[in-house]
>>> print(open('input-v2.pdb').read())   # PDB, C-alpha atoms, pLDDT in the B column
ATOM      1  CA  MET A 981       0.000   0.000   0.000  1.00 49.00           C
ATOM      2  CA  ASN A 982       1.209   3.511  -0.738  1.00 48.00           C
ATOM      3  CA  MET A 983       1.103   4.753   2.822  1.00 48.00           C
ATOM      4  CA  ALA A 984       3.614   6.945   4.594  1.00 47.00           C
ATOM      5  CA  SER A 985       4.013   8.055   8.157  1.00 42.00           C
ATOM      6  CA  CYS A 986       5.272  11.519   8.970  1.00 40.00           C
ATOM      7  CA  ASP A 987       8.843  10.241   9.070  1.00 38.00           C
ATOM      8  CA  GLY A 988       8.624   9.166   5.428  1.00 37.00           C
ATOM      9  CA  VAL A 989       8.484   5.402   5.916  1.00 33.00           C
ATOM     10  CA  SER A 990       6.564   4.164   2.871  1.00 33.00           C
ATOM     11  CA  SER A 991       6.274   0.413   3.398  1.00 29.00           C
ATOM     12  CA  GLU A 992       4.559   0.454   6.765  1.00 33.00           C
ATOM     13  CA  ILE A 993       2.519   2.866   8.813  1.00 35.00           C
ATOM     14  CA  ARG A 994       1.609   2.994  12.461  1.00 38.00           C
ATOM     15  CA  THR A 995      -1.881   1.555  12.481  1.00 35.00           C
ATOM     16  CA  LEU A 996      -4.647   3.455  14.162  1.00 37.00           C
ATOM     17  CA  SER A 997      -4.687   0.916  16.979  1.00 36.00           C
ATOM     18  CA  ASP A 998      -1.331   2.398  18.106  1.00 41.00           C
ATOM     19  CA  ARG A 999      -3.001   5.511  19.515  1.00 39.00           C
ATOM     20  CA  PRO A1000      -0.902   7.083  22.274  1.00 39.00           C
ATOM     21  CA  ALA A1001      -3.976   7.812  24.398  1.00 37.00           C
ATOM     22  CA  ARG A1002      -7.704   7.279  24.335  1.00 29.00           C
ATOM     23  CA  GLY A1003      -9.486  10.113  22.610  1.00 34.00           C
ATOM     24  CA  THR A1004      -6.350  11.385  20.875  1.00 36.00           C
ATOM     25  CA  ALA A1005      -7.066  12.429  17.302  1.00 38.00           C
ATOM     26  CA  GLU A1006      -5.500  10.593  14.384  1.00 81.00           C
ATOM     27  CA  VAL A1007      -5.147  12.668  11.227  1.00 92.00           C
ATOM     28  CA  LEU A1008      -4.813  11.033   7.814  1.00 92.00           C
ATOM     29  CA  PHE A1009      -4.128  13.045   4.653  1.00 94.00           C
ATOM     30  CA  VAL A1010      -5.197  11.408   1.381  1.00 93.00           C
ATOM     31  CA  GLY A1011      -3.903  12.941  -1.818  1.00 93.00           C
ATOM     32  CA  THR A1012      -1.026  13.498  -4.191  1.00 90.00           C
ATOM     33  CA  GLN A1013       2.531  14.098  -3.040  1.00 87.00           C
ATOM     34  CA  CYS A1014       2.359  17.415  -4.844  1.00 87.00           C
ATOM     35  CA  ASN A1015      -0.423  18.616  -2.520  1.00 88.00           C
ATOM     36  CA  PHE A1016       0.548  16.711   0.623  1.00 90.00           C
ATOM     37  CA  SER A1017       4.315  16.674   0.385  1.00 88.00           C
ATOM     38  CA  HIS A1018       6.561  14.979   2.924  1.00 89.00           C
ATOM     39  CA  SER A1019       7.716  18.377   4.195  1.00 89.00           C
ATOM     40  CA  LEU A1020       4.130  19.611   4.685  1.00 90.00           C
ATOM     41  CA  ILE A1021       3.100  16.438   6.499  1.00 90.00           C
ATOM     42  CA  SER A1022       6.228  16.586   8.643  1.00 91.00           C
ATOM     43  CA  VAL A1023       5.744  20.190   9.766  1.00 92.00           C
ATOM     44  CA  THR A1024       2.041  19.538  10.353  1.00 92.00           C
ATOM     45  CA  SER A1025       2.948  16.573  12.529  1.00 91.00           C
ATOM     46  CA  GLN A1026       5.327  18.737  14.550  1.00 91.00           C
ATOM     47  CA  GLU A1027       2.626  21.370  15.032  1.00 90.00           C
ATOM     48  CA  LEU A1028       0.062  18.823  16.218  1.00 88.00           C
ATOM     49  CA  GLY A1029       2.465  17.329  18.723  1.00 85.00           C
ATOM     50  CA  HIS A1030       1.016  14.158  20.273  1.00 84.00           C
ATOM     51  CA  ILE A1031      -1.512  13.698  17.464  1.00 85.00           C
ATOM     52  CA  THR A1032      -0.505  10.961  15.058  1.00 87.00           C
ATOM     53  CA  VAL A1033      -0.252  12.158  11.451  1.00 90.00           C
ATOM     54  CA  ALA A1034       0.006   9.929   8.368  1.00 89.00           C
ATOM     55  CA  ALA A1035      -0.527  10.133   4.614  1.00 89.00           C
ATOM     56  CA  ALA A1036      -1.977   7.930   1.875  1.00 90.00           C
ATOM     57  CA  LEU A1037      -1.561   8.474  -1.845  1.00 90.00           C
ATOM     58  CA  SER A1038      -5.037   7.265  -2.771  1.00 93.00           C
ATOM     59  CA  PHE A1039      -8.478   6.647  -1.352  1.00 94.00           C
ATOM     60  CA  ASP A1040      -8.112   2.964  -2.221  1.00 94.00           C
ATOM     61  CA  ASP A1041      -5.026   2.755   0.005  1.00 91.00           C
ATOM     62  CA  PHE A1042      -6.879   4.378   2.889  1.00 90.00           C
ATOM     63  CA  ARG A1043      -9.922   2.175   2.464  1.00 90.00           C
ATOM     64  CA  SER A1044      -7.926  -1.041   2.118  1.00 89.00           C
ATOM     65  CA  LEU A1045      -5.889  -0.412   5.260  1.00 85.00           C
ATOM     66  CA  SER A1046      -8.911   0.684   7.310  1.00 85.00           C
ATOM     67  CA  GLU A1047     -10.941  -2.358   6.325  1.00 85.00           C
ATOM     68  CA  LEU A1048      -7.947  -4.612   7.010  1.00 87.00           C
ATOM     69  CA  THR A1049      -7.255  -3.238  10.498  1.00 83.00           C
ATOM     70  CA  GLY A1050     -10.798  -2.279  11.471  1.00 85.00           C
ATOM     71  CA  GLU A1051      -9.468   1.140  12.532  1.00 85.00           C
ATOM     72  CA  TRP A1052     -10.284   4.565  11.123  1.00 87.00           C
ATOM     73  CA  PRO A1053      -8.732   7.981  11.686  1.00 90.00           C
ATOM     74  CA  THR A1054     -10.502  10.633  13.715  1.00 90.00           C
ATOM     75  CA  LEU A1055      -9.931  13.168  10.931  1.00 93.00           C
ATOM     76  CA  LEU A1056      -9.653  12.458   7.211  1.00 94.00           C
ATOM     77  CA  VAL A1057      -8.312  15.233   4.955  1.00 96.00           C
ATOM     78  CA  LEU A1058      -8.796  14.700   1.203  1.00 96.00           C
ATOM     79  CA  ASP A1059      -7.314  16.913  -1.502  1.00 95.00           C
ATOM     80  CA  GLU A1060      -9.289  18.097  -4.525  1.00 94.00           C
ATOM     81  CA  PRO A1061      -7.986  15.508  -7.042  1.00 94.00           C
ATOM     82  CA  THR A1062      -8.915  12.695  -4.645  1.00 95.00           C
ATOM     83  CA  MET A1063     -12.429  14.069  -4.105  1.00 95.00           C
ATOM     84  CA  ARG A1064     -12.932  14.552  -7.839  1.00 94.00           C
ATOM     85  CA  GLY A1065     -11.810  10.990  -8.545  1.00 94.00           C
ATOM     86  CA  LEU A1066     -14.116   9.224  -6.093  1.00 95.00           C
ATOM     87  CA  SER A1067     -16.502   6.700  -7.549  1.00 94.00           C
ATOM     88  CA  GLU A1068     -20.108   6.766  -6.361  1.00 94.00           C
ATOM     89  CA  GLU A1069     -19.371   3.722  -4.226  1.00 95.00           C
ATOM     90  CA  ASP A1070     -16.352   5.393  -2.609  1.00 95.00           C
ATOM     91  CA  ARG A1071     -18.284   8.605  -2.029  1.00 94.00           C
ATOM     92  CA  THR A1072     -21.081   6.668  -0.328  1.00 94.00           C
ATOM     93  CA  TYR A1073     -18.491   4.862   1.792  1.00 94.00           C
ATOM     94  CA  LEU A1074     -16.835   8.150   2.730  1.00 94.00           C
ATOM     95  CA  LEU A1075     -20.057   9.891   3.720  1.00 93.00           C
ATOM     96  CA  GLY A1076     -21.057   6.855   5.755  1.00 92.00           C
ATOM     97  CA  LEU A1077     -18.051   7.158   8.069  1.00 91.00           C
ATOM     98  CA  ASN A1078     -20.051   9.048  10.677  1.00 88.00           C
ATOM     99  CA  ASP A1079     -17.385   8.792  13.393  1.00 88.00           C
ATOM    100  CA  VAL A1080     -14.694  10.261  11.137  1.00 91.00           C
ATOM    101  CA  ALA A1081     -14.425  14.038  10.772  1.00 91.00           C
ATOM    102  CA  LEU A1082     -14.027  15.090   7.141  1.00 95.00           C
ATOM    103  CA  ALA A1083     -12.032  17.967   5.646  1.00 96.00           C
ATOM    104  CA  ILE A1084     -11.584  18.849   1.986  1.00 96.00           C
ATOM    105  CA  ALA A1085      -8.494  20.754   0.863  1.00 95.00           C
ATOM    106  CA  PHE A1086      -9.300  22.435  -2.437  1.00 93.00           C
ATOM    107  CA  CYS A1087      -6.969  23.783  -5.111  1.00 90.00           C
ATOM    108  CA  THR A1088      -9.504  25.869  -7.051  1.00 89.00           C
ATOM    109  CA  GLY A1089     -12.099  28.260  -5.680  1.00 88.00           C
ATOM    110  CA  ALA A1090     -14.787  26.836  -7.964  1.00 89.00           C
ATOM    111  CA  PHE A1091     -14.375  23.370  -6.451  1.00 93.00           C
ATOM    112  CA  GLY A1092     -14.353  24.786  -2.941  1.00 92.00           C
ATOM    113  CA  ARG A1093     -17.639  26.577  -3.615  1.00 91.00           C
ATOM    114  CA  ALA A1094     -19.111  23.432  -5.145  1.00 92.00           C
ATOM    115  CA  CYS A1095     -18.238  21.489  -1.998  1.00 93.00           C
ATOM    116  CA  TYR A1096     -19.787  24.207   0.175  1.00 90.00           C
ATOM    117  CA  GLU A1097     -23.008  24.077  -1.871  1.00 89.00           C
ATOM    118  CA  ASP A1098     -23.116  20.263  -1.749  1.00 91.00           C
ATOM    119  CA  ALA A1099     -26.003  19.470   0.619  1.00 89.00           C
ATOM    120  CA  THR A1100     -24.586  16.077   1.625  1.00 91.00           C
ATOM    121  CA  LEU A1101     -21.233  17.583   2.581  1.00 91.00           C
ATOM    122  CA  ARG A1102     -22.920  20.352   4.543  1.00 86.00           C
ATOM    123  CA  ARG A1103     -25.014  17.833   6.469  1.00 86.00           C
ATOM    124  CA  ARG A1104     -21.759  15.994   7.116  1.00 87.00           C
ATOM    125  CA  ALA A1105     -20.318  19.260   8.551  1.00 87.00           C
ATOM    126  CA  ALA A1106     -17.244  18.851   6.348  1.00 92.00           C
ATOM    127  CA  SER A1107     -14.521  21.441   6.787  1.00 92.00           C
ATOM    128  CA  ILE A1108     -13.490  23.131   3.534  1.00 93.00           C
ATOM    129  CA  LEU A1109     -10.071  24.749   3.349  1.00 92.00           C
ATOM    130  CA  PRO A1110      -7.661  25.977   0.680  1.00 92.00           C
ATOM    131  CA  LEU A1111      -4.345  24.337  -0.057  1.00 89.00           C
ATOM    132  CA  ASN A1112      -2.662  27.486  -1.323  1.00 84.00           C
ATOM    133  CA  VAL A1113      -2.336  29.491   1.883  1.00 83.00           C
ATOM    134  CA  ARG A1114       0.541  30.583   4.091  1.00 85.00           C
ATOM    135  CA  LEU A1115       1.989  27.804   6.200  1.00 88.00           C
ATOM    136  CA  ASP A1116       1.023  29.481   9.480  1.00 86.00           C
ATOM    137  CA  VAL A1117      -2.589  29.761   8.326  1.00 85.00           C
ATOM    138  CA  TRP A1118      -2.616  26.124   7.188  1.00 90.00           C
ATOM    139  CA  LEU A1119      -1.265  24.940  10.528  1.00 90.00           C
ATOM    140  CA  SER A1120      -3.793  27.003  12.503  1.00 89.00           C
ATOM    141  CA  VAL A1121      -6.710  25.631  10.504  1.00 89.00           C
ATOM    142  CA  ILE A1122      -5.532  22.002  10.638  1.00 92.00           C
ATOM    143  CA  LYS A1123      -4.931  22.326  14.370  1.00 89.00           C
ATOM    144  CA  LEU A1124      -8.464  23.640  14.844  1.00 88.00           C
ATOM    145  CA  VAL A1125     -10.040  20.854  12.782  1.00 89.00           C
ATOM    146  CA  ALA A1126      -7.841  18.150  14.355  1.00 88.00           C
ATOM    147  CA  HIS A1127      -9.121  19.188  17.787  1.00 85.00           C
ATOM    148  CA  GLY A1128     -12.767  18.811  16.781  1.00 83.00           C
ATOM    149  CA  GLY A1129     -13.428  22.223  15.263  1.00 84.00           C
ATOM    150  CA  ASN A1130     -15.072  23.035  11.944  1.00 85.00           C
ATOM    151  CA  TYR A1131     -13.670  25.422   9.336  1.00 87.00           C
ATOM    152  CA  ILE A1132     -15.160  26.877   6.169  1.00 86.00           C
ATOM    153  CA  PHE A1133     -12.960  29.188   4.086  1.00 86.00           C
ATOM    154  CA  PRO A1134     -14.771  32.565   4.274  1.00 80.00           C
ATOM    155  CA  GLU A1135     -14.279  33.516   0.626  1.00 81.00           C
ATOM    156  CA  ILE A1136     -16.170  30.511  -0.717  1.00 81.00           C
ATOM    157  CA  ILE A1137     -19.137  31.440   1.448  1.00 74.00           C
ATOM    158  CA  SER A1138     -19.294  35.044   0.285  1.00 63.00           C
ATOM    159  CA  SER A1139     -18.743  34.156  -3.376  1.00 55.00           C
ATOM    160  CA  ALA A1140     -21.229  31.292  -3.260  1.00 50.00           C
ATOM    161  CA  GLY A1141     -23.952  33.661  -2.121  1.00 48.00           C
ATOM    162  CA  VAL A1142     -25.734  30.945  -0.162  1.00 42.00           C
ATOM    163  CA  ALA A1143     -28.324  32.284   2.260  1.00 41.00           C
ATOM    164  CA  MET A1144     -28.295  30.779   5.728  1.00 39.00           C
ATOM    165  CA  PRO A1145     -31.778  29.672   6.733  1.00 38.00           C
ATOM    166  CA  ALA A1146     -33.001  30.000  10.280  1.00 38.00           C
ATOM    167  CA  ALA A1147     -32.438  26.696  12.036  1.00 39.00           C
ATOM    168  CA  VAL A1148     -31.383  25.204  15.314  1.00 43.00           C
ATOM    169  CA  PRO A1149     -27.581  25.211  15.878  1.00 45.00           C
ATOM    170  CA  ASP A1150     -27.018  21.506  15.128  1.00 51.00           C
ATOM    171  CA  GLU A1151     -28.683  21.859  11.738  1.00 51.00           C
ATOM    172  CA  LEU A1152     -26.254  24.641  10.863  1.00 59.00           C
ATOM    173  CA  GLY A1153     -23.349  22.302  11.484  1.00 68.00           C
ATOM    174  CA  LEU A1154     -21.999  23.971  14.628  1.00 78.00           C
ATOM    175  CA  THR A1155     -19.515  21.729  16.384  1.00 80.00           C
ATOM    176  CA  GLN A1156     -19.776  21.025  20.090  1.00 79.00           C
ATOM    177  CA  ARG A1157     -16.708  23.177  20.727  1.00 83.00           C
ATOM    178  CA  GLN A1158     -18.214  26.097  18.796  1.00 84.00           C
ATOM    179  CA  GLN A1159     -21.359  25.781  20.895  1.00 84.00           C
ATOM    180  CA  ASP A1160     -19.275  25.700  24.089  1.00 83.00           C
ATOM    181  CA  VAL A1161     -17.515  28.902  23.063  1.00 87.00           C
ATOM    182  CA  LEU A1162     -20.751  30.665  22.067  1.00 86.00           C
ATOM    183  CA  ARG A1163     -22.402  29.692  25.330  1.00 84.00           C
ATOM    184  CA  LEU A1164     -19.549  31.238  27.304  1.00 85.00           C
ATOM    185  CA  VAL A1165     -19.631  34.383  25.156  1.00 86.00           C
ATOM    186  CA  ALA A1166     -23.347  34.656  25.859  1.00 83.00           C
ATOM    187  CA  ASP A1167     -22.484  34.425  29.563  1.00 78.00           C
ATOM    188  CA  GLY A1168     -20.240  37.475  29.189  1.00 81.00           C
ATOM    189  CA  GLN A1169     -16.871  35.697  29.225  1.00 84.00           C
ATOM    190  CA  SER A1170     -13.847  37.205  27.460  1.00 88.00           C
ATOM    191  CA  ASN A1171     -11.859  35.222  24.888  1.00 89.00           C
ATOM    192  CA  LYS A1172      -9.012  34.842  27.389  1.00 89.00           C
ATOM    193  CA  ARG A1173     -11.293  33.415  30.081  1.00 87.00           C
ATOM    194  CA  ILE A1174     -12.983  31.128  27.537  1.00 88.00           C
ATOM    195  CA  ALA A1175      -9.579  29.840  26.417  1.00 85.00           C
ATOM    196  CA  SER A1176      -8.640  29.106  30.016  1.00 82.00           C
ATOM    197  CA  SER A1177     -11.972  27.386  30.761  1.00 79.00           C
ATOM    198  CA  LEU A1178     -11.841  25.126  27.701  1.00 82.00           C
ATOM    199  CA  GLY A1179      -8.099  24.488  27.655  1.00 80.00           C
ATOM    200  CA  LEU A1180      -7.622  26.237  24.315  1.00 82.00           C
ATOM    201  CA  SER A1181      -5.428  29.054  23.038  1.00 87.00           C
ATOM    202  CA  VAL A1182      -6.983  32.489  22.526  1.00 86.00           C
ATOM    203  CA  HIS A1183      -6.233  32.123  18.799  1.00 88.00           C
ATOM    204  CA  THR A1184      -8.204  28.872  18.637  1.00 86.00           C
ATOM    205  CA  VAL A1185     -11.133  30.485  20.474  1.00 88.00           C
ATOM    206  CA  LYS A1186     -11.129  33.268  17.879  1.00 88.00           C
ATOM    207  CA  LEU A1187     -11.147  30.702  15.048  1.00 87.00           C
ATOM    208  CA  HIS A1188     -14.122  28.931  16.637  1.00 86.00           C
ATOM    209  CA  LEU A1189     -15.964  32.237  16.959  1.00 88.00           C
ATOM    210  CA  ARG A1190     -15.179  33.242  13.388  1.00 86.00           C
ATOM    211  CA  ASN A1191     -16.496  30.014  11.934  1.00 84.00           C
ATOM    212  CA  ALA A1192     -19.538  29.958  14.206  1.00 83.00           C
ATOM    213  CA  SER A1193     -20.314  33.530  13.159  1.00 83.00           C
ATOM    214  CA  LEU A1194     -20.115  32.532   9.501  1.00 82.00           C
ATOM    215  CA  ARG A1195     -22.444  29.595  10.105  1.00 79.00           C
ATOM    216  CA  LEU A1196     -24.932  31.824  11.904  1.00 78.00           C
ATOM    217  CA  GLY A1197     -24.641  34.782   9.537  1.00 76.00           C
ATOM    218  CA  ALA A1198     -23.482  37.038  12.395  1.00 79.00           C
ATOM    219  CA  HIS A1199     -21.145  40.028  12.085  1.00 82.00           C
ATOM    220  CA  ASN A1200     -19.408  39.787  15.474  1.00 84.00           C
ATOM    221  CA  ARG A1201     -19.027  37.563  18.529  1.00 85.00           C
ATOM    222  CA  THR A1202     -21.854  39.207  20.457  1.00 83.00           C
ATOM    223  CA  GLU A1203     -24.337  38.850  17.614  1.00 82.00           C
ATOM    224  CA  ALA A1204     -23.260  35.217  17.086  1.00 83.00           C
ATOM    225  CA  ALA A1205     -23.826  34.416  20.764  1.00 81.00           C
ATOM    226  CA  MET A1206     -27.238  36.096  20.749  1.00 80.00           C
ATOM    227  CA  ARG A1207     -28.305  34.172  17.643  1.00 76.00           C
ATOM    228  CA  TYR A1208     -27.053  30.919  19.086  1.00 77.00           C
ATOM    229  CA  ARG A1209     -28.971  31.473  22.315  1.00 75.00           C
ATOM    230  CA  ALA A1210     -32.123  32.498  20.431  1.00 72.00           C
ATOM    231  CA  LEU A1211     -31.998  29.475  18.125  1.00 67.00           C
ATOM    232  CA  GLY A1212     -31.281  27.106  20.972  1.00 61.00           C
ATOM    233  CA  SER A1213     -34.041  28.345  23.213  1.00 48.00           C
TER     234      SER A1213
END
>>> encode(input="input-v2.pdb", output="structure tokens")
Amino acid sequence: MNMASCDGVSSEIRTLSDRPARGTAEVLFVGTQCNFSHSLISVTSQELGHITVAAALSFDDFRSLSELTGEWPTLLVLDEPTMRGLSEEDRTYLLGLNDVALAIAFCTGAFGRACYEDATLRRRAASILPLNVRLDVWLSVIKLVAHGGNYIFPEIISSAGVAMPAAVPDELGLTQRQQDVLRLVADGQSNKRIASSLGLSVHTVKLHLRNASLRLGAHNRTEAAMRYRALGS
């Protein structure tokens, strides 16, 4: 199988049963070496610290290994060529992995917008992020998603022109962490106090608030918290 761990070993990979601790995320990147290069995977692994990071060159490799071991990653990140090349059977398989968080790394804005407008992916609460961004931005977004957050690249939302219907928070795809942050904002907590309460960095709290605001169609943290509370009441 064409699998590689973050140290570049291609013939064997640490299986998902080798988790260092219960509940620790496992992140698997599936895509071309051009998009998910060894250097990118390596620096991402360093940024995520204790979280195990690995790469697969194709969806078939990922599926074969997962079915062989009976283990699946906590987060699966697919690049645009991989998503485009999925058969209907593979797509159904992918969307049926309800315990696996899904992220799509797009190369072209048009494909990113198409993913955002895809009703099945939105129900799946898939994160949608660009490949061609600064390394520090990439690492911040991956870190957020790897820790259970949800990220949608803002520009594909504004250019898609999709109206957000009124709905309860879960139907909008808010993650549990986003709801935790919004609840604390509604209680009058500052970002610093929220970060301390939830064991997050202030930067991560801001990312959660930004994405929750986009989901709720709010212009600032206060408005997002008010909308969340109103919809949840």
>>> resolve_selection(input="input-v2.pdb", expression="the PyMOL selection byres ((chain A and resi 1127-1130) around 9)", output="PyMOL selection string")
chain A and resi 1004-1005+1055+1081+1083+1105-1108+1121-1126+1131-1132+1153-1158+1187-1188+1191-1192
>>> residues_near_point(input="input-v2.pdb", point="(1.7, 19.5, -2.3)", cutoff="12 Å", atoms="all atoms listed in the file", output="PyMOL selection string")
chain A and resi 1009-1021+1035+1037+1059-1061+1085-1087+1110-1113+1115
>>> closest_residue(input="input-v2.pdb", among="A:Leu1045, A:Ala1166, A:Ala1036, A:Leu1178", to="A:Met1206", atoms="all atoms listed in the file")
A:Ala1166
>>> closest_residue(input="input-v2.pdb", among="A:Ile1137, A:Val1007, A:Cys1095, A:Leu1077", to="A:Thr1024", atoms="all atoms listed in the file")
A:Val1007
>>> atom_distance(input="input-v2.pdb", atom1="atom CA of A:Phe1039", atom2="atom CA of A:Leu1056")
10.4 Å
>>> residues_near_point(input="input-v2.pdb", point="(-21.5, 9.6, 4.4)", cutoff="12 Å", atoms="all atoms listed in the file", output="PyMOL selection string")
chain A and resi 1068-1082+1099-1106
>>> closest_residue(input="input-v2.pdb", among="A:Arg1207, A:Arg1064, A:Lys1172, A:Arg1163", to="A:Leu1194", atoms="all atoms listed in the file")
A:Arg1207
>>> build_atoms(input="input-v2.pdb", residues="stretch 1175-1187 of chain A", atoms="N, CA, C and O atoms", output="PDB file, keeping the file's coordinate frame")
ATOM      1  N   ALA A1175     -10.728  30.677  26.742  1.00 85.00           N
ATOM      2  CA  ALA A1175      -9.579  29.840  26.417  1.00 85.00           C
ATOM      3  C   ALA A1175      -9.115  29.074  27.650  1.00 85.00           C
ATOM      4  O   ALA A1175      -8.833  27.867  27.581  1.00 85.00           O
ATOM      5  N   SER A1176      -9.063  29.749  28.781  1.00 82.00           N
ATOM      6  CA  SER A1176      -8.640  29.106  30.016  1.00 82.00           C
ATOM      7  C   SER A1176      -9.634  28.036  30.458  1.00 82.00           C
ATOM      8  O   SER A1176      -9.250  26.936  30.870  1.00 82.00           O
ATOM      9  N   SER A1177     -10.933  28.323  30.331  1.00 79.00           N
ATOM     10  CA  SER A1177     -11.972  27.386  30.761  1.00 79.00           C
ATOM     11  C   SER A1177     -11.983  26.112  29.926  1.00 79.00           C
ATOM     12  O   SER A1177     -12.209  25.017  30.444  1.00 79.00           O
ATOM     13  N   LEU A1178     -11.738  26.266  28.616  1.00 82.00           N
ATOM     14  CA  LEU A1178     -11.841  25.126  27.701  1.00 82.00           C
ATOM     15  C   LEU A1178     -10.493  24.489  27.377  1.00 82.00           C
ATOM     16  O   LEU A1178     -10.434  23.512  26.623  1.00 82.00           O
ATOM     17  N   GLY A1179      -9.418  25.045  27.923  1.00 80.00           N
ATOM     18  CA  GLY A1179      -8.099  24.488  27.655  1.00 80.00           C
ATOM     19  C   GLY A1179      -7.629  24.731  26.241  1.00 80.00           C
ATOM     20  O   GLY A1179      -6.936  23.897  25.648  1.00 80.00           O
ATOM     21  N   LEU A1180      -7.996  25.884  25.677  1.00 82.00           N
ATOM     22  CA  LEU A1180      -7.622  26.237  24.315  1.00 82.00           C
ATOM     23  C   LEU A1180      -6.736  27.476  24.326  1.00 82.00           C
ATOM     24  O   LEU A1180      -6.617  28.159  25.343  1.00 82.00           O
ATOM     25  N   SER A1181      -6.130  27.789  23.180  1.00 87.00           N
ATOM     26  CA  SER A1181      -5.428  29.054  23.038  1.00 87.00           C
ATOM     27  C   SER A1181      -6.442  30.128  22.665  1.00 87.00           C
ATOM     28  O   SER A1181      -7.525  29.822  22.142  1.00 87.00           O
ATOM     29  N   VAL A1182      -6.095  31.385  22.912  1.00 86.00           N
ATOM     30  CA  VAL A1182      -6.983  32.489  22.526  1.00 86.00           C
ATOM     31  C   VAL A1182      -7.183  32.489  21.011  1.00 86.00           C
ATOM     32  O   VAL A1182      -8.286  32.755  20.525  1.00 86.00           O
ATOM     33  N   HIS A1183      -6.132  32.159  20.265  1.00 88.00           N
ATOM     34  CA  HIS A1183      -6.233  32.123  18.799  1.00 88.00           C
ATOM     35  C   HIS A1183      -7.257  31.080  18.354  1.00 88.00           C
ATOM     36  O   HIS A1183      -8.062  31.339  17.447  1.00 88.00           O
ATOM     37  N   THR A1184      -7.251  29.919  18.995  1.00 86.00           N
ATOM     38  CA  THR A1184      -8.204  28.872  18.637  1.00 86.00           C
ATOM     39  C   THR A1184      -9.630  29.292  18.979  1.00 86.00           C
ATOM     40  O   THR A1184     -10.566  29.029  18.216  1.00 86.00           O
ATOM     41  N   VAL A1185      -9.807  29.967  20.111  1.00 88.00           N
ATOM     42  CA  VAL A1185     -11.133  30.485  20.474  1.00 88.00           C
ATOM     43  C   VAL A1185     -11.629  31.443  19.398  1.00 88.00           C
ATOM     44  O   VAL A1185     -12.796  31.388  18.991  1.00 88.00           O
ATOM     45  N   LYS A1186     -10.745  32.311  18.923  1.00 88.00           N
ATOM     46  CA  LYS A1186     -11.129  33.268  17.879  1.00 88.00           C
ATOM     47  C   LYS A1186     -11.516  32.553  16.590  1.00 88.00           C
ATOM     48  O   LYS A1186     -12.463  32.966  15.894  1.00 88.00           O
ATOM     49  N   LEU A1187     -10.802  31.476  16.249  1.00 87.00           N
ATOM     50  CA  LEU A1187     -11.147  30.702  15.048  1.00 87.00           C
ATOM     51  C   LEU A1187     -12.524  30.058  15.196  1.00 87.00           C
ATOM     52  O   LEU A1187     -13.331  30.061  14.267  1.00 87.00           O
TER      53      LEU A1187
END
